[in-house]
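Here's the structure we're looking at; comments come further down.
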Amino acid sequence: MTFLLSPILLCGQNLQHPRIYTSNTTKAEFLKAVKSVAWKADFIAKKKKNLEKYLEYVKQDPEWLVSRLQMNWNTKHNRVFLKGGDFDYSEGSAPVPTVRFSGTRDWATDYKTPALEAVQPYFDDPKGLYLQHKKTNKMAWVHPSKSGHIIENINAKIMSLVADAAFLYWLTGDRAYAEFAKPVYSVYMEGMYYRDAPIDLTNSPQQGLSGLATFEVIHEKILVSLVSTYDFLYDYFKKENVDLNHNVAVFQKWGDQIIKNGVPDNNWNLFQARFLTYVAVVLDSNAAYANGKGREYFLNLTFNTSTARQLSIDESLLVYDQDTGIWPESASYSIHVITTLLEIITILDHATGKNELGQYPIIEKAALASFQYLFPSGYSIGFGDSNHKPLPPENFELLIANYRKYKESEKESIISGLLEQMIAKGDYKRRAKDLFDLFFYVNELKASQPTENALQRLTSPTFYASNVSLFNQRLGVGDKAMMVSTFGSFGNHAHANGVAIELFANKYVLGPDMGKGSSYWHENHTEYYSKFPAHNTVVVNGISDYQAMRSYHPFTLDNSFPKPGTTPQFDKITFAKVTFFEPKAKANQQRFTSLIKSNTGGGYIVDVFRSETQTQGTQRHDYFYHNLGQALTLFGDSNKTIAGAPTEDFGSQYGDIKAYDYLTEKKKMSTANDVQAVFSLKHDEKPNNIMKLWIKGSEHQTIYTALSPKSNVLTKGTAPEAVLNDAMQTLIVKRDAAAWNNPFAVVFNPFIEGEENPIKNVEYASVKDYPRTQIINVKLNDAKSSDKIILNTSENDIVETNDFYQQGLLSVTRTTTSKTDLQFMFISGVYKFKQLGWEIIAAAEPVTVSVDRVGDSYKITSDGATLLRVPFLEGNKEAVLNVYENDVLISSRKGQIGRFNPNQLEFRIEKAYAKLEIVFQQNIKHD
């Protein structure tokens with residue numbers, strides 16, 4: 001991007017102010033739009049209305065607003081000292097009042113941010129801050145280190161009013177707005193000019209993170225208000241003969257501080273780059289300043305040249321997985337990065353007019369890849385420090401604006417359709433939140449119909465992002481849609497969660513993650529929310545743990561179906577098997593999860609979790625599952641309710657990690673038998689939303705129910721509003737023995753009370769000579785169909801009985817009541833399989849094969865070379881194999897009578913095929 005240094009960039013409107021969002025040359029066009037575009041007119045009307053009372057305050061008392069700035073009014077301290085992430089004290093002397101530094105890095109505080117009307121004018125007291133307690137409402141003197149972000153938030157609020165007034169001056173020419181803004185802006189800028197960057201007395205990592213106003217350079221949001229004010233009031237300042245040299249020096253100092261500090265290799269780097277782009281665009285060329293730190297200087301350090309704590313955008317974008325478009329952080333942060341990049345590119349593009357988005361195709365790819373984070377409801381998954389939210393509509397607004405500007409009408413139509421769908425669902429109403437939106441969103445969306453099934457079009461049945469250790473599975477549509485998100489701990493903003501899942505069914509995230517705590521420094525986060533027991537996972541010996549936030553503990557994806565990013569012909573099953581090493585307890589873990597569709601469109605989820613320590617001796621494994629609902633009831637034999645006994649089991653007093661102490665109302669029951677656990681969610685007079693768990697019994701097993709702290713990932717889109725703040729119903733299955741040969745096995749059975757439940761019964765079985773093999777028999781509720789699931793630990797394991805043989809990982813067979821009437825058969829990771837007269841033998845590598853009966857034919861897929869031995873269908877001894885590529889029939893060949901079994905036909909499949917068909921005699925068509 002060497003063009004950034006070209007003089008061409010500095011010509012034309014770029015030498016004039018305003019220049020960040022708009023220019024004087026386009027003002028007439030903007031004024032015309034304001035009159036005809038309702039959402040723009042509404043934004044401006046609201047800004048004017050909001051400023052009315054403050055204008056009146058200042059009219060009555062010219063010092064009303066400026067006096068409420070958080071400044072060192074009396075002391076005029078120019079030096080700030082920290083102790084790690086807390087303000088300690090300030091000292092020194094400046095010729096003017098200086099800007100107060102923030103109180104603490106931790107935003108969680110027990111005190112309220114006062115309204116501007118309640119802020120004491122020219123407040124500067126050595127006793128600290130005088131604040132109201134959130135719970136008691138009593139006023140108290142508080143050291144700044146206990147005040148969270150109150151100081152910076154008051155100043156940010158004031159400066160946002162100033163920026164609005166500056167904009168309205170440019171828009172209307174009314175000097176009252178400029179006269180309102182100028183003194184506040186000038187006092188703040190002079191106060192920052194004379195104040196130094198903070199010094200950490202402990203020389204901790206905080207020294208490399210602090211901005212000029214806040215503890216993190218990524219939170220310097222006040223800077224956007226300041227450069228916007230400078231931009232819109234520039235002509236006014238010149239008319240008033242205001243010396244702007246100190247203003248320029250402050251912007252340069254702020255830019256230098258952001259480059260000097262921060263984190264170069266995660267979201268911080270790009271949030272910093274956003275501020276640097278604003279600074280660069282508002283400044284003049286390097287030649288205008290004696291120190292040479294102008295537009296080209298800051299653009300170069302933002303986009304082209306990396307420094308120790310500020311990687312260039314060119315280099316930062318290499319962090320993306322170039323194949324998947326996924327950023328290596330939890331979903332909420334990854335999505336925020338996309339929004340930030342689009343904002344940066346939009347601002348730069350306004351200055352250059354060179355289609356900057358086209359220079360960085362990975363940004364566009366990432367924006368579209370973010371759909372893979374979504375549950376069927378359209379809300380994002382919640383692993384790590386995430387929460388459930390729709391994708392930001394501003395992402396689509398900015399793509400649309402770029403496509404409109406550069407006449408990419410087809411792309412614009414697609415994205416406009418997606419945005420229209422969000423609008424139609426009520427998830428979004430077009431409006432401007434700030435000046436950026438006001439100027440950069442298109443006036444009207446291109447006329448187009450909402451894109452039908454947009455989520456299905458932009459997602460795949462399975463999706464794997466190795467750089468965040470994430471595997472998503474989706475099955476079904478509409479109210480029958482299910483999804484399981486499986487995640488490890490890899491990348492930034494991860495939790496210590498082992499192999500955890502979130503589970504979606506019945507239109508809600510019934511099995512949610514817990515999210516983050518009150519703040520990253522709050523004990524409820526460090527002790528509970530970021531730890532194993534806050535997740536749907538297995539804890540070993542009560543001690544499983546490792547570093548959260550930046551974590552390097554991914555799972556290994558061993559097998560899955562379908563292959564990530566593909567949509568196969570066979571759509572009745574998805575699965576994933578992953579392995580993991582838990583470092584604290586030195587335990588091997590393996591988790592198999594599968595979605596299986598019933599004959600009526602609904603379905604169920606299978607979860608088999610193996611866990612054992614590598615060391616000898618006693619061991620304990622706790623299977624945790626949290627579900628929405630007001631009640632959790634256990635049932636045993638004959639569907640009888642089991643009442644657990646109150647217990648004090650679990651807790652740090654027994655050597656468990658501190659997270660166990662957050663469990664309340666614990667009850668337990670010991671049984672080796674199968675148990676059913678029923679979570680019931682009631683809301684809005686609707687039928688109960690049920691999640692029924694069919695839990696395999698075992699020796700040395702105890703079942704617990706408990707309440708856990710509320711889940712902080714939930715929003716109105718993923719749970720009923722009435723339960724958002726409820727404690728989470730929690731099931732714990734404790735095994736006082738290894739759980740590898742005899743793993744935890746659970747069938748999740750979601751349904752709505754009074755409506756069809758896809759499952760009639762679940763039975764677990766085993767084969768004595770093959771103890772690791774799991775056999776799960778699921779009787780479906782249509783009274784005639786049954787699924788037999790046979791799961792081994794690996795592709796090399798064997799299980800054999802009189803009428804069955806499987807060398808390989810998985811088989812799922814659905815039959816009718818006759819037990820020989822095959823509806824479908826699915827095998828994966830299998831070398832050899834024999835059942836119901838069928839034999840499937842891999843020619844080389846283990847294969848995945850599906851066989852789906854349709855009338856007198858079988859639809860088949862295979863991902864490798866395979867020998868099929870097929871039983872005669874209802875006495876018919878002739879059949880042909882039709883071979884398709886890209887849905888086009890390319891060949892047909894007859895089956896040969898089996899050499900080893902005359903009751904079989906043999907078909908040789910020489911390679912992988914997405915579509916095959918075996919058609920028996922009566923359906924053969926002759927030319």
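Residue numbers start at 1 in each chain; chains themselves are named A, B, ... in the order of the structure tokens; ligands are numbered from 1 in the order shown.
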Item to check | Selection: 8 Å around Val227 of chain A, only C-alpha atoms, excl. self and same-chain fewer than 5 positions, as a ChimeraX atom specification | outcome: /A:251,278-279,282
How would the residues just picked look written out with N, CA and C atoms as an mmCIF file, in the first residue's frame?
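Listed below is the output, again-v8.cif:
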```
data_model
loop_
_atom_site.group_PDB
_atom_site.id
_atom_site.type_symbol
_atom_site.label_atom_id
_atom_site.label_comp_id
_atom_site.auth_asym_id
_atom_site.auth_seq_id
_atom_site.Cartn_x
_atom_site.Cartn_y
_atom_site.Cartn_z
ATOM 1 N N PHE A 251 -2.861 15.419 19.559
ATOM 2 C CA PHE A 251 -3.181 14.289 18.687
ATOM 3 C C PHE A 251 -1.930 13.472 18.365
ATOM 4 N N TYR A 278 -8.180 7.594 12.681
ATOM 5 C CA TYR A 278 -8.827 8.896 12.928
ATOM 6 C C TYR A 278 -7.793 10.004 13.086
ATOM 7 N N VAL A 279 -6.745 9.710 13.871
ATOM 8 C CA VAL A 279 -5.704 10.720 14.088
ATOM 9 C C VAL A 279 -5.039 11.081 12.766
ATOM 10 N N VAL A 282 -7.238 13.263 10.336
ATOM 11 C CA VAL A 282 -7.527 14.638 10.755
ATOM 12 C C VAL A 282 -6.296 15.539 10.655
#
```
Checklist entry - So which residues touch Ala288 of chain A within 12 Å, counting only C-alpha atoms, skipping near sequence neighbours fewer than 5 positions away, as an NGL selection string? => result :A and (10 or 15 or 245 or 248 or 283 or 293-297)
Env of Lys760 of chain A: 8 Å cut, atoms = only C-alpha atoms, seq-sep filter 2 positions within chain, self excluded. Answer as a short mmCIF file (atom, residue, chain, number, x, y, z; two decimals) with C-alpha atoms, in the first residue's frame.
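Okay, selection-v4.cif is ready:
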```
data_model
loop_
_atom_site.label_atom_id
_atom_site.label_comp_id
_atom_site.auth_asym_id
_atom_site.auth_seq_id
_atom_site.Cartn_x
_atom_site.Cartn_y
_atom_site.Cartn_z
CA ASN A 757 -41.46 -36.42 21.40
CA PRO A 758 -39.16 -38.11 18.88
CA VAL A 762 -33.31 -45.40 25.20
CA VAL A 778 -32.99 -45.57 20.61
CA LYS A 779 -36.63 -46.50 20.05
CA LEU A 780 -38.34 -43.74 18.14
CA ASN A 781 -41.82 -42.54 18.92
CA ALA A 783 -43.70 -47.04 17.25
#
```
Next on the checklist: From a backbone DSSP assignment, name each residue in segment 375-452 of chain A labelled alpha helix (DSSP H), as a PyMOL selection string.
Outcome noted: chain A and resi 393-405+409-425+435-440
Next on the checklist: Env of segment 111-125 of chain A: 8 Å cut, atoms = only C-alpha atoms, seq-sep filter 6 positions within chain, self excluded. Answer as a PyMOL selection string.
Outcome noted: chain A and resi 64+67-75+131-134+147+150+153-154
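Of note, atom CA of Gly629 of chain A and atom CA of Lys692 of chain A are spaced 11.8 Å apart.
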Step one, run DSSP on the backbone; step two, keep only residues of segment 606-703 of chain A assigned to strand (DSSP E or B); then write them as a tab-separated table (two decimals) with C-alpha atoms, in the first residue's frame.
```tsv
chain	number	residue	atom	x	y	z
A	606	VAL	CA	-25.84	-38.25	21.47
A	607	ASP	CA	-22.94	-37.38	23.78
A	608	VAL	CA	-20.29	-39.94	24.76
A	609	PHE	CA	-17.48	-38.54	26.90
A	610	ARG	CA	-14.45	-40.67	27.79
A	611	SER	CA	-12.03	-39.54	30.49
A	612	GLU	CA	-9.21	-41.20	32.44
A	613	THR	CA	-6.04	-40.09	34.14
A	621	HIS	CA	-14.59	-37.63	36.83
A	622	ASP	CA	-17.47	-35.13	37.05
A	623	TYR	CA	-19.72	-34.66	34.00
A	624	PHE	CA	-21.28	-31.17	34.15
A	625	TYR	CA	-24.34	-30.07	32.20
A	626	HIS	CA	-26.28	-26.79	32.62
A	627	ASN	CA	-29.72	-26.26	31.10
A	631	ALA	CA	-36.95	-27.32	37.42
A	632	LEU	CA	-34.69	-30.35	37.17
A	633	THR	CA	-36.26	-33.70	38.08
A	634	LEU	CA	-34.67	-37.17	38.17
A	635	PHE	CA	-36.51	-40.34	37.20
A	641	THR	CA	-39.36	-39.71	40.52
A	642	ILE	CA	-36.12	-39.82	42.50
A	645	ALA	CA	-30.80	-35.98	49.45
A	646	PRO	CA	-29.24	-32.62	50.44
A	664	THR	CA	-25.80	-24.22	45.77
A	665	GLU	CA	-28.81	-26.37	46.73
A	666	LYS	CA	-26.85	-29.54	46.04
A	667	LYS	CA	-28.68	-32.88	46.17
A	668	LYS	CA	-27.43	-36.35	45.37
A	669	MET	CA	-28.54	-39.90	44.73
A	670	SER	CA	-26.35	-42.95	44.19
A	675	VAL	CA	-31.43	-42.42	35.05
A	676	GLN	CA	-33.51	-39.83	33.25
A	677	ALA	CA	-33.00	-36.15	34.04
A	678	VAL	CA	-35.74	-33.78	32.90
A	679	PHE	CA	-35.19	-30.03	32.65
A	680	SER	CA	-38.42	-28.07	32.38
A	681	LEU	CA	-38.58	-24.50	31.05
A	689	ASN	CA	-39.95	-26.67	26.90
A	690	ILE	CA	-38.40	-29.99	27.87
A	691	MET	CA	-34.87	-31.31	27.69
A	692	LYS	CA	-34.79	-34.95	28.74
A	693	LEU	CA	-31.47	-36.65	29.33
A	694	TRP	CA	-31.22	-40.43	29.12
A	695	ILE	CA	-28.14	-41.15	31.25
A	701	GLN	CA	-21.69	-43.38	39.87
A	702	THR	CA	-23.53	-40.64	41.76
A	703	ILE	CA	-26.05	-38.22	40.29
```
Mind dumping a table of every segment 326-374 of chain A residue within 9 Å of segment 423-441 of chain A, with the nearest atom pair and its distance in Å to one decimal, using only C-alpha atoms, sorted by chain and rising number, as a tab-separated table?
```
residue	atom	partner	partner_atom	distance
A:Glu343	CA	A:Phe436	CA	8.5
A:Thr346	CA	A:Phe440	CA	7.7
A:Ile347	CA	A:Phe440	CA	8.8
```
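Contact shell of segment 23-38 of chain A at 7 Å (only C-alpha atoms; same-chain neighbours under 4 positions omitted): Gln13, His17, Pro18, Arg19, Asp42 and Asn443 of chain A.
The nearest approach to Phe463 of chain A among the residues A:Pro390, A:Pro512, A:Gly148, A:Gly325, with only C-alpha atoms taken into account, belongs to A:Gly325.
Each of A:Met159, A:Leu419, A:Leu445, A:Ala176 was checked against Ser225 of chain A using only C-alpha atoms; the smallest atom-to-atom distance is that of A:Met159.
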Checklist entry - Do you have the atom CA of Arg893 of chain A-atom CA of Leu905 of chain A distance handy? => result 11.7 Å
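As for atom CA of Ser186 of chain A and atom CA of Val66 of chain A, they are spaced 9.5 Å apart.
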